[in-house]
Each structure stands twice: as C-alpha cells, then as structure tokens.
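Structure file structure10.cif (mmCIF, C-alpha atoms; chains and numbers go by the auth columns) is printed below.
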data_target
loop_
_atom_site.group_PDB
_atom_site.id
_atom_site.type_symbol
_atom_site.label_atom_id
_atom_site.label_comp_id
_atom_site.label_asym_id
_atom_site.label_seq_id
_atom_site.Cartn_x
_atom_site.Cartn_y
_atom_site.Cartn_z
_atom_site.B_iso_or_equiv
_atom_site.auth_seq_id
_atom_site.auth_asym_id
ATOM 1 C CA MET A 1 88.921 -13.369 -62.327 0.00 1 A
ATOM 2 C CA SER A 2 89.705 -16.998 -62.813 0.00 2 A
ATOM 3 C CA ASP A 3 88.989 -19.252 -59.818 0.00 3 A
ATOM 4 C CA GLN A 4 92.692 -20.078 -59.610 0.00 4 A
ATOM 5 C CA HIS A 5 93.859 -16.452 -59.543 0.00 5 A
ATOM 6 C CA PHE A 6 93.382 -15.046 -56.058 0.00 6 A
ATOM 7 C CA HIS A 7 96.240 -12.514 -56.253 0.00 7 A
ATOM 8 C CA ALA A 8 96.382 -9.402 -58.409 0.00 8 A
ATOM 9 C CA VAL A 9 99.082 -6.873 -59.185 0.00 9 A
ATOM 10 C CA ILE A 10 98.315 -3.623 -60.940 0.00 10 A
ATOM 11 C CA TRP A 11 100.829 -1.315 -62.566 0.00 11 A
ATOM 12 C CA ILE A 12 99.170 2.052 -63.195 0.00 12 A
ATOM 13 C CA ASP A 13 100.023 5.460 -64.607 0.00 13 A
ATOM 14 C CA HIS A 14 97.907 8.133 -66.356 0.00 14 A
ATOM 15 C CA HIS A 15 98.105 6.275 -69.689 0.00 15 A
ATOM 16 C CA GLU A 16 97.103 2.754 -68.719 0.00 16 A
ATOM 17 C CA ALA A 17 96.608 0.179 -66.024 0.00 17 A
ATOM 18 C CA ARG A 18 98.025 -3.313 -66.504 0.00 18 A
ATOM 19 C CA ILE A 19 96.339 -5.769 -64.159 0.00 19 A
ATOM 20 C CA PHE A 20 97.597 -9.324 -63.721 0.00 20 A
ATOM 21 C CA PHE A 21 95.629 -11.993 -61.889 0.00 21 A
ATOM 22 C CA PHE A 22 98.161 -14.694 -61.100 0.00 22 A
ATOM 23 C CA ASN A 23 99.263 -17.749 -59.187 0.00 23 A
ATOM 24 C CA VAL A 24 102.649 -19.487 -58.967 0.00 24 A
ATOM 25 C CA SER A 25 102.763 -20.552 -62.595 0.00 25 A
ATOM 26 C CA ASP A 26 100.043 -18.755 -64.540 0.00 26 A
ATOM 27 C CA ALA A 27 98.710 -15.237 -65.141 0.00 27 A
ATOM 28 C CA ASN A 28 95.927 -13.432 -66.978 0.00 28 A
ATOM 29 C CA GLU A 29 96.325 -9.786 -67.995 0.00 29 A
ATOM 30 C CA ILE A 30 93.751 -7.021 -68.366 0.00 30 A
ATOM 31 C CA VAL A 31 94.739 -3.633 -69.798 0.00 31 A
ATOM 32 C CA VAL A 32 92.568 -0.601 -69.034 0.00 32 A
ATOM 33 C CA ARG A 33 93.164 2.718 -70.778 0.00 33 A
ATOM 34 C CA PRO A 34 91.403 6.057 -70.385 0.00 34 A
ATOM 35 C CA LYS A 35 89.267 7.120 -73.338 0.00 35 A
ATOM 36 C CA ASP A 36 91.396 10.207 -73.854 0.00 36 A
ATOM 37 C CA PRO A 37 95.004 9.409 -72.864 0.00 37 A
ATOM 38 C CA VAL A 38 96.658 12.146 -70.863 0.00 38 A
ATOM 39 C CA ARG A 39 99.376 14.138 -72.569 0.00 39 A
ATOM 40 C CA HIS A 40 102.393 15.272 -70.591 0.00 40 A
ATOM 41 C CA ILE A 41 101.767 18.690 -69.117 0.00 41 A
ATOM 42 C CA HIS A 42 104.864 20.514 -67.936 0.00 42 A
ATOM 43 C CA HIS A 43 104.632 23.094 -65.180 0.00 43 A
ATOM 44 C CA LYS A 44 106.153 26.453 -66.042 0.00 44 A
ATOM 45 C CA ALA A 45 107.262 29.010 -63.477 0.00 45 A
ATOM 46 C CA ASN A 46 104.869 31.874 -62.733 0.00 46 A
ATOM 47 C CA THR A 47 101.819 30.082 -64.128 0.00 47 A
ATOM 48 C CA ILE A 48 98.564 29.192 -62.438 0.00 48 A
ATOM 49 C CA GLY A 49 97.899 25.552 -61.673 0.00 49 A
ATOM 50 C CA SER A 50 100.056 22.608 -60.736 0.00 50 A
ATOM 51 C CA GLY A 51 100.805 21.423 -64.255 0.00 51 A
ATOM 52 C CA HIS A 52 99.348 18.026 -63.375 0.00 52 A
ATOM 53 C CA ALA A 53 96.605 16.499 -65.468 0.00 53 A
ATOM 54 C CA PRO A 54 93.262 16.148 -63.684 0.00 54 A
ATOM 55 C CA GLU A 55 92.314 12.650 -62.539 0.00 55 A
ATOM 56 C CA ASP A 56 89.982 10.690 -64.806 0.00 56 A
ATOM 57 C CA PRO A 57 87.288 9.214 -62.530 0.00 57 A
ATOM 58 C CA ASP A 58 85.928 6.974 -65.312 0.00 58 A
ATOM 59 C CA PHE A 59 89.378 5.448 -65.866 0.00 59 A
ATOM 60 C CA LEU A 60 89.829 4.896 -62.123 0.00 60 A
ATOM 61 C CA GLN A 61 86.366 3.314 -61.889 0.00 61 A
ATOM 62 C CA HIS A 62 87.094 0.910 -64.766 0.00 62 A
ATOM 63 C CA VAL A 63 90.309 -0.122 -62.994 0.00 63 A
ATOM 64 C CA THR A 64 88.437 -0.531 -59.692 0.00 64 A
ATOM 65 C CA ASP A 65 85.796 -2.660 -61.414 0.00 65 A
ATOM 66 C CA ALA A 66 88.497 -4.871 -62.937 0.00 66 A
ATOM 67 C CA LEU A 67 89.975 -5.473 -59.450 0.00 67 A
ATOM 68 C CA ALA A 68 86.632 -6.236 -57.791 0.00 68 A
ATOM 69 C CA ASN A 69 87.098 -10.018 -57.521 0.00 69 A
ATOM 70 C CA ALA A 70 90.736 -10.037 -56.416 0.00 70 A
ATOM 71 C CA GLY A 71 91.529 -11.531 -53.032 0.00 71 A
ATOM 72 C CA ALA A 72 94.864 -9.765 -52.461 0.00 72 A
ATOM 73 C CA ILE A 73 96.151 -6.751 -54.400 0.00 73 A
ATOM 74 C CA LEU A 74 99.559 -5.123 -54.903 0.00 74 A
ATOM 75 C CA ILE A 75 99.461 -1.654 -56.518 0.00 75 A
ATOM 76 C CA ILE A 76 102.604 -0.390 -58.249 0.00 76 A
ATOM 77 C CA GLY A 77 103.480 2.449 -60.586 0.00 77 A
ATOM 78 C CA PRO A 78 105.882 5.298 -61.259 0.00 78 A
ATOM 79 C CA ALA A 79 103.987 8.321 -59.973 0.00 79 A
ATOM 80 C CA ASN A 80 100.836 9.582 -58.269 0.00 80 A
ATOM 81 C CA GLU A 81 98.186 7.632 -60.200 0.00 81 A
ATOM 82 C CA LYS A 82 98.514 4.700 -57.794 0.00 82 A
ATOM 83 C CA LEU A 83 97.600 7.043 -54.936 0.00 83 A
ATOM 84 C CA ALA A 84 94.707 8.456 -56.940 0.00 84 A
ATOM 85 C CA LEU A 85 93.474 4.883 -57.403 0.00 85 A
ATOM 86 C CA ILE A 86 93.652 4.215 -53.660 0.00 86 A
ATOM 87 C CA ASN A 87 91.720 7.424 -52.948 0.00 87 A
ATOM 88 C CA HIS A 88 89.139 6.434 -55.558 0.00 88 A
ATOM 89 C CA ILE A 89 88.770 2.988 -53.978 0.00 89 A
ATOM 90 C CA ASP A 90 88.338 4.648 -50.548 0.00 90 A
ATOM 91 C CA ARG A 91 85.455 6.730 -51.909 0.00 91 A
ATOM 92 C CA ARG A 92 83.809 4.377 -54.405 0.00 92 A
ATOM 93 C CA ALA A 93 84.625 0.786 -53.365 0.00 93 A
ATOM 94 C CA PRO A 94 85.605 0.763 -49.685 0.00 94 A
ATOM 95 C CA ALA A 95 85.128 -3.028 -49.424 0.00 95 A
ATOM 96 C CA LEU A 96 88.108 -3.409 -51.763 0.00 96 A
ATOM 97 C CA LYS A 97 90.473 -1.402 -49.519 0.00 97 A
ATOM 98 C CA PRO A 98 91.364 -4.245 -47.073 0.00 98 A
ATOM 99 C CA LYS A 99 92.446 -6.370 -50.026 0.00 99 A
ATOM 100 C CA ILE A 100 95.242 -3.914 -50.872 0.00 100 A
ATOM 101 C CA ARG A 101 98.325 -5.514 -49.331 0.00 101 A
ATOM 102 C CA GLY A 102 100.948 -3.088 -50.597 0.00 102 A
ATOM 103 C CA VAL A 103 101.759 -0.015 -52.668 0.00 103 A
ATOM 104 C CA GLU A 104 105.184 0.446 -54.235 0.00 104 A
ATOM 105 C CA THR A 105 106.824 2.950 -56.529 0.00 105 A
ATOM 106 C CA VAL A 106 108.140 1.187 -59.620 0.00 106 A
ATOM 107 C CA GLY A 107 109.261 2.728 -62.917 0.00 107 A
ATOM 108 C CA HIS A 108 108.262 1.143 -66.217 0.00 108 A
ATOM 109 C CA PRO A 109 108.893 -2.600 -65.875 0.00 109 A
ATOM 110 C CA THR A 110 108.139 -5.276 -68.438 0.00 110 A
ATOM 111 C CA ASP A 111 105.190 -7.587 -67.874 0.00 111 A
ATOM 112 C CA GLY A 112 107.606 -10.306 -66.751 0.00 112 A
ATOM 113 C CA GLU A 113 109.223 -7.951 -64.244 0.00 113 A
ATOM 114 C CA ILE A 114 105.799 -6.959 -62.869 0.00 114 A
ATOM 115 C CA LEU A 115 104.868 -10.605 -62.300 0.00 115 A
ATOM 116 C CA ALA A 116 108.260 -11.454 -60.772 0.00 116 A
ATOM 117 C CA LEU A 117 107.959 -8.522 -58.352 0.00 117 A
ATOM 118 C CA ALA A 118 104.401 -9.535 -57.402 0.00 118 A
ATOM 119 C CA ARG A 119 105.342 -13.179 -56.864 0.00 119 A
ATOM 120 C CA ARG A 120 108.223 -12.105 -54.609 0.00 120 A
ATOM 121 C CA PHE A 121 105.897 -9.740 -52.730 0.00 121 A
ATOM 122 C CA PHE A 122 103.382 -12.520 -52.079 0.00 122 A
ATOM 123 C CA LYS A 123 106.038 -15.252 -51.578 0.00 123 A
ATOM 124 C CA ASP A 124 104.931 -16.015 -48.015 0.00 124 A
ATOM 125 C CA ASP A 125 101.405 -16.609 -49.259 0.00 125 A
ATOM 126 C CA LEU A 126 100.841 -20.116 -50.482 0.00 126 A
ATOM 127 C CA MET A 127 99.569 -18.521 -53.697 0.00 127 A
ATOM 128 C CA GLU A 128 96.231 -20.144 -53.008 0.00 128 A
ATOM 129 C CA PRO A 129 92.991 -18.546 -51.863 0.00 129 A
ATOM 130 C CA PRO A 130 92.092 -19.252 -48.242 0.00 130 A
ATOM 131 C CA ARG A 131 90.149 -22.482 -47.927 0.00 131 A
ATOM 132 C CA ALA A 132 86.700 -22.575 -46.330 0.00 132 A
ATOM 133 C CA ARG A 133 86.632 -24.394 -43.003 0.00 133 A
#

Using the file provided, produce a representation of the structure as structure tokens.
Amino acid sequence: MSDQHFHAVIWIDHHEARIFFFNVSDANEIVVRPKDPVRHIHHKANTIGSGHAPEDPDFLQHVTDALANAGAILIIGPANEKLALINHIDRRAPALKPKIRGVETVGHPTDGEILALARRFFKDDLMEPPRAR
C-alpha cells in the first residue's frame, strides 16, 4: 500500500478480486486471480450437492494478504464470494476485520464505477489516514 492510500475497495467474485487503494484523486489497482478459475456450475434438480463451486482458500488468502495494510475497507461483489472472504478474514486474519467498514452487493461495474462508489461510500472521511497525536 502506498503511504497516501489509506482506503481500499475490493470487488470480488470467484474469478478475480480487483483491489483499489485510493484517495480523493489517485488509485492503485491490484488484481488477484485463483490459479484455476472456477467454471460456472449449474445446479440440476434431483442431484446431490448445491451446484456451487467450493471456496478456494489459497485465493482468499492471497486477497487477504493484499488487503493487510489497508486502513479502511469496503468489500463489494455480485454474489457470495464477498461473504466467503469475510469468513476467511474472521478465521485467518481477525485483526483485519475491524477495518471492514461495509459490504455491498454490486454487479459487474467498471473500474471507474468501483472507485466512484467507494469514494461516495467514504465521502465523510477526509480521505486521509488518521494523524498521530
């Protein structure tokens, strides 16, 4: 994380995580992908199993590691992977949990739309890290 980028927003699904560290006017992006991207699995009636792909703990850990230095985090995404990430953070990086300021369901926005949403979400913040007293 750059010293000037206290805030982070992450858009995550089973295929990738797009993480932006940002301030009012600037942003840096990190993209994390699982080694073996998940293919869509459709549930069929009268079959065993949920039809959902199993979680990839390595992918979730790489995302967690990428967020480690963030001061305030917004997690967004279209489906359940954002909740899987939160559960992973609870188990593997509990010190990161208080930094999560919000979780929102969002479809497939552009990078610009992700940053605009995050800047609106954190608008009451001064977009600066807290200063030492």

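Our summary of the geometry notes that atom CA of A:Glu81 is positioned 13.3 Å from atom CA of A:Asp58.
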
Handout entry: Residue with smallest distance to A:Lys99 - pool A:Phe20, A:His62, A:Ala68, A:Arg119, counting only C-alpha atoms
Key = A:Ala68

Practice task
Kindly indicate which residue among A:Pro78, A:Gly71, A:Pro57, A:Pro34 lies nearest to A:Pro109, using all atoms listed in the file for the distances.
Solution key: A:Pro78

Step by step: start from the point (93.9, -5.8, -58.6) in the file's coordinates, keep every protein, DNA or RNA residue that has an atom no farther than 12 Å from it, count all atoms listed in the file, and write the set as a compact mmCIF listing (two decimals) with C-alpha atoms, in the coordinates of the input.
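Written output follows (part.txt):
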# COMPACT_ATOMS: atom_id res chain seq x y z
CA MET A 1 88.92 -13.37 -62.33
CA HIS A 5 93.86 -16.45 -59.54
CA PHE A 6 93.38 -15.05 -56.06
CA HIS A 7 96.24 -12.51 -56.25
CA ALA A 8 96.38 -9.40 -58.41
CA VAL A 9 99.08 -6.87 -59.18
CA ILE A 10 98.32 -3.62 -60.94
CA TRP A 11 100.83 -1.32 -62.57
CA ILE A 12 99.17 2.05 -63.20
CA ALA A 17 96.61 0.18 -66.02
CA ARG A 18 98.02 -3.31 -66.50
CA ILE A 19 96.34 -5.77 -64.16
CA PHE A 20 97.60 -9.32 -63.72
CA PHE A 21 95.63 -11.99 -61.89
CA PHE A 22 98.16 -14.69 -61.10
CA ASN A 28 95.93 -13.43 -66.98
CA GLU A 29 96.32 -9.79 -68.00
CA ILE A 30 93.75 -7.02 -68.37
CA VAL A 31 94.74 -3.63 -69.80
CA VAL A 32 92.57 -0.60 -69.03
CA LEU A 60 89.83 4.90 -62.12
CA HIS A 62 87.09 0.91 -64.77
CA VAL A 63 90.31 -0.12 -62.99
CA THR A 64 88.44 -0.53 -59.69
CA ASP A 65 85.80 -2.66 -61.41
CA ALA A 66 88.50 -4.87 -62.94
CA LEU A 67 89.98 -5.47 -59.45
CA ALA A 68 86.63 -6.24 -57.79
CA ASN A 69 87.10 -10.02 -57.52
CA ALA A 70 90.74 -10.04 -56.42
CA GLY A 71 91.53 -11.53 -53.03
CA ALA A 72 94.86 -9.76 -52.46
CA ILE A 73 96.15 -6.75 -54.40
CA LEU A 74 99.56 -5.12 -54.90
CA ILE A 75 99.46 -1.65 -56.52
CA ILE A 76 102.60 -0.39 -58.25
CA LYS A 82 98.51 4.70 -57.79
CA LEU A 85 93.47 4.88 -57.40
CA ILE A 86 93.65 4.22 -53.66
CA ILE A 89 88.77 2.99 -53.98
CA LEU A 96 88.11 -3.41 -51.76
CA LYS A 97 90.47 -1.40 -49.52
CA PRO A 98 91.36 -4.24 -47.07
CA LYS A 99 92.45 -6.37 -50.03
CA ILE A 100 95.24 -3.91 -50.87
CA ARG A 101 98.32 -5.51 -49.33
CA GLY A 102 100.95 -3.09 -50.60
CA VAL A 103 101.76 -0.02 -52.67
CA ALA A 118 104.40 -9.54 -57.40

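Put simply, atom CA of A:Ala116 is 13.9 Å away from atom CA of A:Glu104.
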
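Nearest residue to A:Gln61, choosing from A:Ser25, A:Asn87, A:Thr105, A:Thr110 and counting only C-alpha atoms: A:Asn87.
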